[in-house]
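Novice: Here you go, one structure.
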Amino acid sequence: MKPQHLNYNSSTCREENRALAHDLENPLPRAVLRPNEHLLLDGDWRFDLDPDDRGVSENWYVAHNYPYSAQWPGSIESHMANAKEQKQPTPWQDKVIAWYERDFVLPKRGEPRNRSMFQLTFGACGYETRVWLNGHPLLTIEGDEVHLGEYTSFSYELLEEHLRPINRLTVRISDTMDAEIPRGKQESHVYKRGGIWYQTYTGAVRSVWVETVERNRLRSRVGIMNETEDDLIRFNLTFRIHDPGAYKLVLQVFERDKRNGPPLASSEYDITLEAGQRKQRVVLELPNANLWSPDHPQLYRLVAQLIDPEGYPSTIETLFGLRQVETRGRYFYLNDQAVYLDGILYQPGTASYEEMRRHMYAIKRLGCNLVRVHIAGVDPRILNLADEIGLLVWVEVPSPHSSTHRSRENHRAELLRMLNLIESHPSVVIWSLYNEDWGAQDIATNADTRKYIVEMYHYLQIHHPQFLVVDNDGWHHVSCEGRLKSDLLTAHLYTPDPTHWRELLDRLVAGQMNGVAVNPLVVGDPFFYRGQVPLVVSEWGGFGFADYGGPNDSEARTERIRLFKQELRDRAIAGDVYTQATNIEDERNGIIDFHTGELTVPEGLLRSHKSAPATNGQSDKETPDRVQTVRGLS
């Protein structure tokens with residue numbers, strides 16, 4: 001495969017138009033297209049609160065008089081605020097239970113009943129979701145009566161005997177301030193709203209739809225394993241089978257915008273499948289493929305078909321790209337090119353999909369090649385957009401707020417749910433397990449907490465080697481036998497003073513583990529930094545934050561950002577993440593207008609003007625002494 005030269009430019013109008021065209025082609029919040037009929041259930045729903053938790057015992061799913069209406073998608077908090085008569089105070093303080101209901105007519109079924117069925121999918125909803133159809137309780141495809149989590153999609157198969165000409169869908173959503181569940185920056189019993197902690201935003205937060213699917217099919221989950229040196233693409237596919245037998249899997253790869261003509265590559269696989277759900281790795285050769293990068297976001301189209309014993313096909317398709325990320329000594333490499341990470345912290349908050357789209361284009365105009373999505377979920381179409389416009393993405397698991405065995409189990413479950421749906425995006429290059437000890441407050445003193453983090457780091461290494469992993473971003477990284485269990489050594493550095501800023505950066509580059517960030521950079525066994533792992537200042541700036549002391553004036557802030565950025569580039573640092581993209585509640589340090597996407601600073605302000613070191617032919621100061629892929633060997 002041919003590496004592409006990296007030169008980060010702002011997105012063009014042509015790129016924006018092409019991305020918009022793909023959005024229209026794929027209206028649902030997922031990465032995979034399915035050529036079928038679907039009915040979007042967004043819009044007006046009947047709504048009621050259940051403060052005494054009486055709804056299940058009183059059979060609200062059979063019959064209930066709903067006094068209010070609510071717009072789906074939308075948060076329980078906004079629906080409570082719009083209700084004329086509040087049944088409990090706003091905002092809720094401990095637990096909230098809300099019920100939603102609407103009627104719908106099924107979409108057209110193009111195939112006979114013995115070959116197809118209806119599937120109900122929630123783009124995201126939670127934290128606890130229970131669903132009834134015409135009074136009958138539904139189980140997720142995984143067999144759960146109660147779905148846990150609020151950041152990823154989940155689906156139900158609708159049984160024929162439960163369907164009616166007009167169907168009634170009832171949804172019960174419950175959430176609490178429980179500090180042991182993944183919350184991100186939503187308030188909890190541990191962290192109260194104010195400062196950097198936000199109001200809860202829970203419930204019906206993403207679209208819901210009904211669609212026709214085949215009884216025996218490929219699910220809307222496609223993972224891409226990038227190993228660019230051998231011309232092979234490794235696809236992870238998931239089968240959902242009701243009728244066991246001998247099936248044929250057919251994969252075809254096309255140019256992104258071409259649907260006619262022969263494929264670039266194709267292959268067939270004979271496979272015997274039992275009833276149930278199964279994940280399968282298959283490999284396809286794609287010689288001379290162009291690699292994906294921010295400057296050349298080359299995407300290909302995968303068309304995958306599962307053909308049953310009678311020749312009836314189930315088809316899905318998705319866009320994908322090929323790229324390889326790794327660390328070598330001090331630097332981050334993309335497709336064998338050393339790349340400096342010009343990043344920005346992004347917190348979507350209550351932003352709509354259209355607002356998030358505008359934010360992503362604004363981030364490109366700032367000159368960034370990376371966006372760090374801060375312990376939150378985003379509409380999957382935003383990751384599609386990052387693939388298309390060329391924007392590296394740093395993903396973080398929304399954290400719990402306490403460190404217990406249960407919180408770690410919930411954290412692991414949320415991580416695995418996210419991984420199931422974010423395997424296919426070439427833009428996603430870094431994952432953080434934790435941030436600043438949130439949900440791992442005892443990391444320095446509790447061996448069990450460190451053991452869990454080490455285990456999940458190694459799990460990602462083995463099962464998802466296409467990503468770099470950060471164990472606990474900002475400080476308190478874990479060292480085991482002197483080996484850092486993080487692919488990047490990251491630090492959060494905040495000061496408005498240029499002199500102190502230079503001192504902090506000098507200490508960081510010199511390998512001082514204490515006295516740089518708020519807490520020691522490494523815990524566990526001693527770790528001696530000698531340039532064997534990239535340094536990333538993954539939060540800095542904060543200019544404009546209340547009582548921070550930095551410049552509030554736009555022009556003064558621009559000059560301070562420019563000065564601080566240059567100091568970063570003058571040192572052996574692999575990347576930085578400015579804090580932050582937009583204003584969110586009490587955090588008033590954004591440089592992009594939240595609603596319009598307009599910049600409040602000049603375009604290109606965060607783009608580096610110093611070229612990254614070349615792989616070969618440079619001095620020892622510019623490149624690592626040895627070229628070595630670092631995956632847990634640091």
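Chain labels A, B, ... are given in the sequence in which chains occur in the structure tokens; within each chain residues are numbered consecutively from 1, and ligands are likewise numbered from 1 in the order shown.
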Within 8 Å of segment 45-60 of chain A, counting only C-alpha atoms, which residues show up once you throw out same-chain ones fewer than 6 positions away? Write them as a count of residues only, please.
Specialist: 17
Novice: If I take atom CA of Met117 of chain A and atom CA of Val213 of chain A, how far is one from the other in Å, to one decimal?
Specialist: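 Computing it gives 5.5 Å between the two atoms.
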Novice: Find the residues around Ala304 of chain A up to 9 Å (only C-alpha atoms counted), leave out those fewer than 4 positions away in its own chain, and share them as an MDAnalysis selection string.
Specialist: chainID A and resid 218 249:253 314:318
Novice: Tell me which of A:Asp342, A:Glu145, A:Asp336, A:Asp387 sits closest to Gly604 of chain A, counting only C-alpha atoms.
Specialist: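 Comparing A:Asp342, A:Glu145, A:Asp336, A:Asp387 against Gly604 of chain A, the winner is A:Asp342.
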Novice: Which of these residues is nearest to Met177 of chain A, using only C-alpha atoms: A:Leu563, A:Asn288, A:Arg483, A:His401?
Specialist: A:His401
Novice: Taking the chain letters and numbering used in this document, name the residues of segment 322-411 of chain A that DSSP puts in helix (DSSP H, G or I), as a ChimeraX atom specification.
Specialist: /A:353-365,380-389,405-411
Novice: At a cut-off of 9 Å, using only C-alpha atoms, what residues contact Arg381 of chain A? Leave out same-chain residues fewer than 5 positions from it and give the result as a list in words.
Specialist: Asp23, Asn26, Pro27, Leu28, Pro29, Arg30, Ala31, Tyr353, Arg357 and Ala386 of chain A
Novice: Please produce a file of the residues just selected, as a PDB file, in the first residue's frame, where the atoms kept are N, CA, C and O atoms.
Specialist:
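Saved the output as selection-v2.pdb:
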ATOM      1  N   ASP A  23     -24.546  12.193   4.310  1.00  0.00           N
ATOM      2  CA  ASP A  23     -25.500  12.281   5.412  1.00  0.00           C
ATOM      3  C   ASP A  23     -26.913  12.022   4.912  1.00  0.00           C
ATOM      4  O   ASP A  23     -27.701  11.331   5.563  1.00  0.00           O
ATOM      5  N   ASN A  26     -27.355   8.461   4.335  1.00  0.00           N
ATOM      6  CA  ASN A  26     -27.383   7.689   5.566  1.00  0.00           C
ATOM      7  C   ASN A  26     -28.038   8.526   6.667  1.00  0.00           C
ATOM      8  O   ASN A  26     -27.347   9.159   7.462  1.00  0.00           O
ATOM      9  N   PRO A  27     -29.377   8.579   6.726  1.00  0.00           N
ATOM     10  CA  PRO A  27     -30.052   9.483   7.662  1.00  0.00           C
ATOM     11  C   PRO A  27     -30.058   8.991   9.098  1.00  0.00           C
ATOM     12  O   PRO A  27     -30.419   9.747   9.994  1.00  0.00           O
ATOM     13  N   LEU A  28     -29.688   7.739   9.333  1.00  0.00           N
ATOM     14  CA  LEU A  28     -29.769   7.165  10.671  1.00  0.00           C
ATOM     15  C   LEU A  28     -28.422   7.274  11.380  1.00  0.00           C
ATOM     16  O   LEU A  28     -27.372   7.190  10.744  1.00  0.00           O
ATOM     17  N   PRO A  29     -28.430   7.438  12.709  1.00  0.00           N
ATOM     18  CA  PRO A  29     -27.174   7.608  13.444  1.00  0.00           C
ATOM     19  C   PRO A  29     -26.417   6.296  13.620  1.00  0.00           C
ATOM     20  O   PRO A  29     -26.363   5.698  14.694  1.00  0.00           O
ATOM     21  N   ARG A  30     -25.825   5.828  12.531  1.00  0.00           N
ATOM     22  CA  ARG A  30     -24.977   4.637  12.565  1.00  0.00           C
ATOM     23  C   ARG A  30     -24.020   4.693  11.392  1.00  0.00           C
ATOM     24  O   ARG A  30     -24.206   5.470  10.456  1.00  0.00           O
ATOM     25  N   ALA A  31     -22.986   3.870  11.435  1.00  0.00           N
ATOM     26  CA  ALA A  31     -21.950   3.919  10.412  1.00  0.00           C
ATOM     27  C   ALA A  31     -22.290   3.078   9.191  1.00  0.00           C
ATOM     28  O   ALA A  31     -21.663   3.227   8.149  1.00  0.00           O
ATOM     29  N   TYR A 353     -27.181  17.426  16.301  1.00  0.00           N
ATOM     30  CA  TYR A 353     -26.306  16.874  15.273  1.00  0.00           C
ATOM     31  C   TYR A 353     -25.818  17.969  14.334  1.00  0.00           C
ATOM     32  O   TYR A 353     -24.631  18.024  13.989  1.00  0.00           O
ATOM     33  N   ARG A 357     -21.964  19.107  13.639  1.00  0.00           N
ATOM     34  CA  ARG A 357     -21.381  19.193  12.291  1.00  0.00           C
ATOM     35  C   ARG A 357     -20.656  20.519  12.101  1.00  0.00           C
ATOM     36  O   ARG A 357     -19.519  20.552  11.604  1.00  0.00           O
ATOM     37  N   ALA A 386     -15.885  12.853  10.464  1.00  0.00           N
ATOM     38  CA  ALA A 386     -14.443  12.935  10.692  1.00  0.00           C
ATOM     39  C   ALA A 386     -13.692  12.065   9.693  1.00  0.00           C
ATOM     40  O   ALA A 386     -12.624  12.464   9.191  1.00  0.00           O
TER      41      ALA A 386
END
Novice: Compile the contact shell of segment 199-208 of chain A as a ChimeraX atom specification: residues with an atom at most 8 Å away, counting only C-alpha atoms, same-chain residues fewer than 3 positions apart removed.
Specialist: /A:28-29,40-42,72-77,91,120-127,150,173-175,186-187,193,350,379
Novice: Export N, CA, C and O atoms of the chosen residues as a JSON list (two decimals), in the first residue's frame?
Specialist:
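Output file result-v4.json is given in full below:
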[["chain", "number", "residue", "atom", "x", "y", "z"],
["A", 28, "LEU", "N", -29.69, 7.74, 9.33],
["A", 28, "LEU", "CA", -29.77, 7.16, 10.67],
["A", 28, "LEU", "C", -28.42, 7.27, 11.38],
["A", 28, "LEU", "O", -27.37, 7.19, 10.74],
["A", 29, "PRO", "N", -28.43, 7.44, 12.71],
["A", 29, "PRO", "CA", -27.17, 7.61, 13.44],
["A", 29, "PRO", "C", -26.42, 6.30, 13.62],
["A", 29, "PRO", "O", -26.36, 5.70, 14.69],
["A", 40, "LEU", "N", -38.64, 6.43, 10.80],
["A", 40, "LEU", "CA", -38.07, 7.17, 11.91],
["A", 40, "LEU", "C", -39.19, 7.56, 12.87],
["A", 40, "LEU", "O", -40.19, 8.14, 12.47],
["A", 41, "LEU", "N", -39.02, 7.22, 14.14],
["A", 41, "LEU", "CA", -40.05, 7.47, 15.14],
["A", 41, "LEU", "C", -39.79, 8.74, 15.94],
["A", 41, "LEU", "O", -40.39, 8.94, 17.01],
["A", 42, "ASP", "N", -38.93, 9.61, 15.44],
["A", 42, "ASP", "CA", -38.70, 10.89, 16.09],
["A", 42, "ASP", "C", -39.95, 11.77, 15.97],
["A", 42, "ASP", "O", -40.74, 11.62, 15.04],
["A", 72, "TRP", "N", -39.05, 13.61, 20.84],
["A", 72, "TRP", "CA", -37.97, 12.63, 20.79],
["A", 72, "TRP", "C", -37.20, 12.85, 19.49],
["A", 72, "TRP", "O", -37.81, 12.92, 18.44],
["A", 73, "PRO", "N", -35.86, 12.97, 19.50],
["A", 73, "PRO", "CA", -34.99, 12.90, 20.66],
["A", 73, "PRO", "C", -35.00, 14.18, 21.48],
["A", 73, "PRO", "O", -35.29, 15.26, 20.98],
["A", 74, "GLY", "N", -34.66, 14.02, 22.74],
["A", 74, "GLY", "CA", -34.59, 15.12, 23.68],
["A", 74, "GLY", "C", -34.35, 14.56, 25.06],
["A", 74, "GLY", "O", -34.57, 13.37, 25.30],
["A", 75, "SER", "N", -33.89, 15.38, 25.97],
["A", 75, "SER", "CA", -33.55, 14.89, 27.30],
["A", 75, "SER", "C", -34.76, 14.90, 28.21],
["A", 75, "SER", "O", -35.70, 15.69, 28.04],
["A", 76, "ILE", "N", -34.73, 14.03, 29.22],
["A", 76, "ILE", "CA", -35.77, 14.05, 30.25],
["A", 76, "ILE", "C", -35.82, 15.42, 30.91],
["A", 76, "ILE", "O", -36.89, 15.94, 31.23],
["A", 77, "GLU", "N", -34.64, 16.03, 31.10],
["A", 77, "GLU", "CA", -34.58, 17.33, 31.75],
["A", 77, "GLU", "C", -35.36, 18.38, 30.98],
["A", 77, "GLU", "O", -36.12, 19.17, 31.56],
["A", 91, "PRO", "N", -33.83, 20.77, 38.60],
["A", 91, "PRO", "CA", -33.48, 19.44, 38.09],
["A", 91, "PRO", "C", -33.66, 18.36, 39.15],
["A", 91, "PRO", "O", -33.69, 18.66, 40.33],
["A", 120, "LEU", "N", -36.51, -2.88, 15.84],
["A", 120, "LEU", "CA", -36.60, -1.58, 16.50],
["A", 120, "LEU", "C", -35.24, -1.23, 17.06],
["A", 120, "LEU", "O", -34.64, -2.05, 17.77],
["A", 121, "THR", "N", -34.74, -0.02, 16.77],
["A", 121, "THR", "CA", -33.40, 0.37, 17.22],
["A", 121, "THR", "C", -33.44, 1.75, 17.87],
["A", 121, "THR", "O", -34.05, 2.68, 17.34],
["A", 122, "PHE", "N", -32.78, 1.85, 19.02],
["A", 122, "PHE", "CA", -32.57, 3.11, 19.70],
["A", 122, "PHE", "C", -31.13, 3.55, 19.46],
["A", 122, "PHE", "O", -30.19, 2.81, 19.77],
["A", 123, "GLY", "N", -30.97, 4.76, 18.90],
["A", 123, "GLY", "CA", -29.61, 5.25, 18.66],
["A", 123, "GLY", "C", -28.82, 5.41, 19.94],
["A", 123, "GLY", "O", -27.62, 5.14, 19.99],
["A", 124, "ALA", "N", -29.48, 5.82, 21.00],
["A", 124, "ALA", "CA", -28.93, 5.86, 22.36],
["A", 124, "ALA", "C", -30.07, 6.26, 23.27],
["A", 124, "ALA", "O", -30.93, 7.08, 22.91],
["A", 125, "CYS", "N", -30.10, 5.69, 24.46],
["A", 125, "CYS", "CA", -31.19, 5.97, 25.40],
["A", 125, "CYS", "C", -30.77, 5.41, 26.75],
["A", 125, "CYS", "O", -30.12, 4.36, 26.83],
["A", 126, "GLY", "N", -31.15, 6.11, 27.82],
["A", 126, "GLY", "CA", -30.79, 5.50, 29.08],
["A", 126, "GLY", "C", -30.76, 6.46, 30.24],
["A", 126, "GLY", "O", -31.23, 7.58, 30.13],
["A", 127, "TYR", "N", -30.24, 5.99, 31.35],
["A", 127, "TYR", "CA", -29.27, 4.92, 31.50],
["A", 127, "TYR", "C", -29.91, 3.52, 31.50],
["A", 127, "TYR", "O", -29.35, 2.55, 30.99],
["A", 150, "GLU", "N", -26.10, 4.64, 28.04],
["A", 150, "GLU", "CA", -26.80, 5.73, 27.36],
["A", 150, "GLU", "C", -25.98, 6.35, 26.24],
["A", 150, "GLU", "O", -26.28, 7.46, 25.80],
["A", 173, "ILE", "N", -37.74, 4.88, 31.00],
["A", 173, "ILE", "CA", -36.34, 5.27, 31.14],
["A", 173, "ILE", "C", -36.09, 5.68, 32.59],
["A", 173, "ILE", "O", -36.85, 6.45, 33.17],
["A", 174, "SER", "N", -35.01, 5.16, 33.16],
["A", 174, "SER", "CA", -34.65, 5.47, 34.53],
["A", 174, "SER", "C", -33.18, 5.87, 34.60],
["A", 174, "SER", "O", -32.34, 5.29, 33.91],
["A", 175, "ASP", "N", -32.90, 6.86, 35.42],
["A", 175, "ASP", "CA", -31.51, 7.26, 35.67],
["A", 175, "ASP", "C", -31.39, 7.74, 37.10],
["A", 175, "ASP", "O", -32.39, 8.11, 37.73],
["A", 186, "GLN", "N", -21.54, 14.72, 33.70],
["A", 186, "GLN", "CA", -22.82, 14.98, 34.34],
["A", 186, "GLN", "C", -22.65, 14.87, 35.85],
["A", 186, "GLN", "O", -21.91, 14.03, 36.34],
["A", 187, "GLU", "N", -23.39, 15.70, 36.56],
["A", 187, "GLU", "CA", -23.27, 15.69, 38.02],
["A", 187, "GLU", "C", -23.69, 14.34, 38.59],
["A", 187, "GLU", "O", -24.39, 13.55, 37.96],
["A", 193, "ARG", "N", -23.15, 19.76, 40.33],
["A", 193, "ARG", "CA", -23.17, 20.68, 39.21],
["A", 193, "ARG", "C", -22.52, 22.01, 39.59],
["A", 193, "ARG", "O", -22.70, 22.54, 40.69],
["A", 350, "THR", "N", -25.15, 19.63, 25.02],
["A", 350, "THR", "CA", -26.50, 19.43, 24.49],
["A", 350, "THR", "C", -26.59, 19.74, 23.00],
["A", 350, "THR", "O", -27.68, 19.93, 22.48],
["A", 379, "ASP", "N", -23.11, 11.49, 18.20],
["A", 379, "ASP", "CA", -23.82, 10.84, 17.11],
["A", 379, "ASP", "C", -22.80, 10.14, 16.20],
["A", 379, "ASP", "O", -21.81, 10.75, 15.79]]
Novice: Can you tell me which residues surround Pro287 of chain A at a distance of at most 12 Å, considering only C-alpha atoms, apart from same-chain residues fewer than 5 positions away, and format the answer as a PDB file with C-alpha atoms, in the first residue's frame?
Specialist:
ATOM      1  CA  MET A   1       0.000   0.000   0.000  1.00  0.00           C
ATOM      2  CA  LYS A   2       1.259   3.458  -0.858  1.00  0.00           C
ATOM      3  CA  THR A 228      -1.155  -1.720   5.999  1.00  0.00           C
ATOM      4  CA  GLU A 229       2.116  -3.491   5.317  1.00  0.00           C
ATOM      5  CA  ASP A 230       0.638  -6.718   3.889  1.00  0.00           C
ATOM      6  CA  ASP A 231      -2.157  -5.446   1.563  1.00  0.00           C
ATOM      7  CA  LEU A 232      -4.705  -7.351   3.665  1.00  0.00           C
ATOM      8  CA  ILE A 233      -7.841  -5.920   5.259  1.00  0.00           C
ATOM      9  CA  VAL A 253     -14.699  -3.308  -2.165  1.00  0.00           C
ATOM     10  CA  LEU A 264     -11.452  -3.320  -6.725  1.00  0.00           C
ATOM     11  CA  ALA A 265     -11.416  -6.541  -4.716  1.00  0.00           C
ATOM     12  CA  SER A 266     -13.837  -9.305  -3.843  1.00  0.00           C
ATOM     13  CA  LEU A 322      -6.870   2.182   5.767  1.00  0.00           C
TER      14      LEU A 322
END
Novice: Using only C-alpha atoms, what does the table of segment 486-550 of chain A residues within 10 Å of segment 430-452 of chain A look like, with each row giving the shortest atom pair and its distance in Å to one decimal, sorted by chain and ascending number, as JSON lines?
Specialist:
{"residue": "A:Ser486", "atom": "CA", "partner": "A:Ser432", "partner_atom": "CA", "distance": 9.1}
{"residue": "A:Asp487", "atom": "CA", "partner": "A:Ile430", "partner_atom": "CA", "distance": 9.1}
{"residue": "A:Leu488", "atom": "CA", "partner": "A:Ile430", "partner_atom": "CA", "distance": 9.4}
{"residue": "A:Ala491", "atom": "CA", "partner": "A:Glu436", "partner_atom": "CA", "distance": 9.5}
{"residue": "A:His492", "atom": "CA", "partner": "A:Glu436", "partner_atom": "CA", "distance": 8.6}
{"residue": "A:Val518", "atom": "CA", "partner": "A:Glu436", "partner_atom": "CA", "distance": 9.5}
{"residue": "A:Asn519", "atom": "CA", "partner": "A:Glu436", "partner_atom": "CA", "distance": 9.1}
{"residue": "A:Pro520", "atom": "CA", "partner": "A:Ala444", "partner_atom": "CA", "distance": 9.4}
{"residue": "A:Val522", "atom": "CA", "partner": "A:Ala444", "partner_atom": "CA", "distance": 8.8}
{"residue": "A:Val523", "atom": "CA", "partner": "A:Ala444", "partner_atom": "CA", "distance": 5.7}
{"residue": "A:Gly524", "atom": "CA", "partner": "A:Ala444", "partner_atom": "CA", "distance": 6.9}
Novice: Quick one: write out the picked residues with C-alpha atoms as a PDB file, in the first residue's frame?
Specialist:
ATOM      1  CA  SER A 486      -0.137   3.910  28.227  1.00  0.00           C
ATOM      2  CA  ASP A 487       0.961   4.547  24.665  1.00  0.00           C
ATOM      3  CA  LEU A 488       1.242   8.273  25.381  1.00  0.00           C
ATOM      4  CA  ALA A 491      -0.093  15.893  31.056  1.00  0.00           C
ATOM      5  CA  HIS A 492      -2.707  18.546  31.785  1.00  0.00           C
ATOM      6  CA  VAL A 518      -1.481  18.773  39.587  1.00  0.00           C
ATOM      7  CA  ASN A 519      -0.479  15.219  40.593  1.00  0.00           C
ATOM      8  CA  PRO A 520       2.543  13.024  39.820  1.00  0.00           C
ATOM      9  CA  VAL A 522       3.181   8.191  37.010  1.00  0.00           C
ATOM     10  CA  VAL A 523       2.159   5.850  39.851  1.00  0.00           C
ATOM     11  CA  GLY A 524       2.890   2.201  40.588  1.00  0.00           C
TER      12      GLY A 524
END
Novice: One decimal, Å: what's the distance from atom CA of Glu111 of chain A over to atom CA of Asn216 of chain A, could you say?
Specialist: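 Interatomic distance, atom CA of Glu111 of chain A to atom CA of Asn216 of chain A: 12.8 Å.
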Novice: Need the shell around segment 128-139 of chain A: protein/DNA/RNA residues with any atom at most 9 Å away, counting only C-alpha atoms. Skip same-chain ones fewer than 3 positions apart. Format as a PyMOL selection string?
Specialist: chain A and resi 59-63+125+142-150+155-158+162-164+167-175+203
Novice: Write the selection just made, keeping C-alpha atoms, as a tab-separated table (two decimals), in the first residue's frame?
Specialist:
chain	number	residue	atom	x	y	z
A	59	ASN	CA	-49.19	-1.67	34.22
A	60	TRP	CA	-48.66	1.67	32.50
A	61	TYR	CA	-47.43	-0.32	29.49
A	62	VAL	CA	-50.98	-1.72	29.12
A	63	ALA	CA	-52.89	1.53	29.59
A	125	CYS	CA	-31.19	5.97	25.40
A	142	GLU	CA	-28.64	-9.82	23.36
A	143	GLY	CA	-31.53	-11.05	25.55
A	144	ASP	CA	-31.72	-8.18	28.05
A	145	GLU	CA	-35.05	-7.02	29.49
A	146	VAL	CA	-33.34	-3.87	30.78
A	147	HIS	CA	-30.76	-2.22	28.55
A	148	LEU	CA	-28.01	-0.44	30.50
A	149	GLY	CA	-25.99	2.45	29.08
A	150	GLU	CA	-26.80	5.73	27.36
A	155	SER	CA	-32.02	-3.21	19.01
A	156	TYR	CA	-35.11	-5.38	19.44
A	157	GLU	CA	-36.61	-7.90	17.01
A	158	LEU	CA	-40.41	-7.53	16.84
A	162	HIS	CA	-47.21	-9.00	18.73
A	163	LEU	CA	-47.75	-6.79	15.67
A	164	ARG	CA	-50.97	-4.90	14.97
A	167	ASN	CA	-48.81	-0.45	17.10
A	168	ARG	CA	-48.25	1.11	20.50
A	169	LEU	CA	-44.65	1.50	21.67
A	170	THR	CA	-44.03	2.18	25.38
A	171	VAL	CA	-40.63	3.09	26.82
A	172	ARG	CA	-39.61	3.42	30.48
A	173	ILE	CA	-36.34	5.27	31.14
A	174	SER	CA	-34.65	5.47	34.53
A	175	ASP	CA	-31.51	7.26	35.67
A	203	GLY	CA	-33.10	9.80	28.47
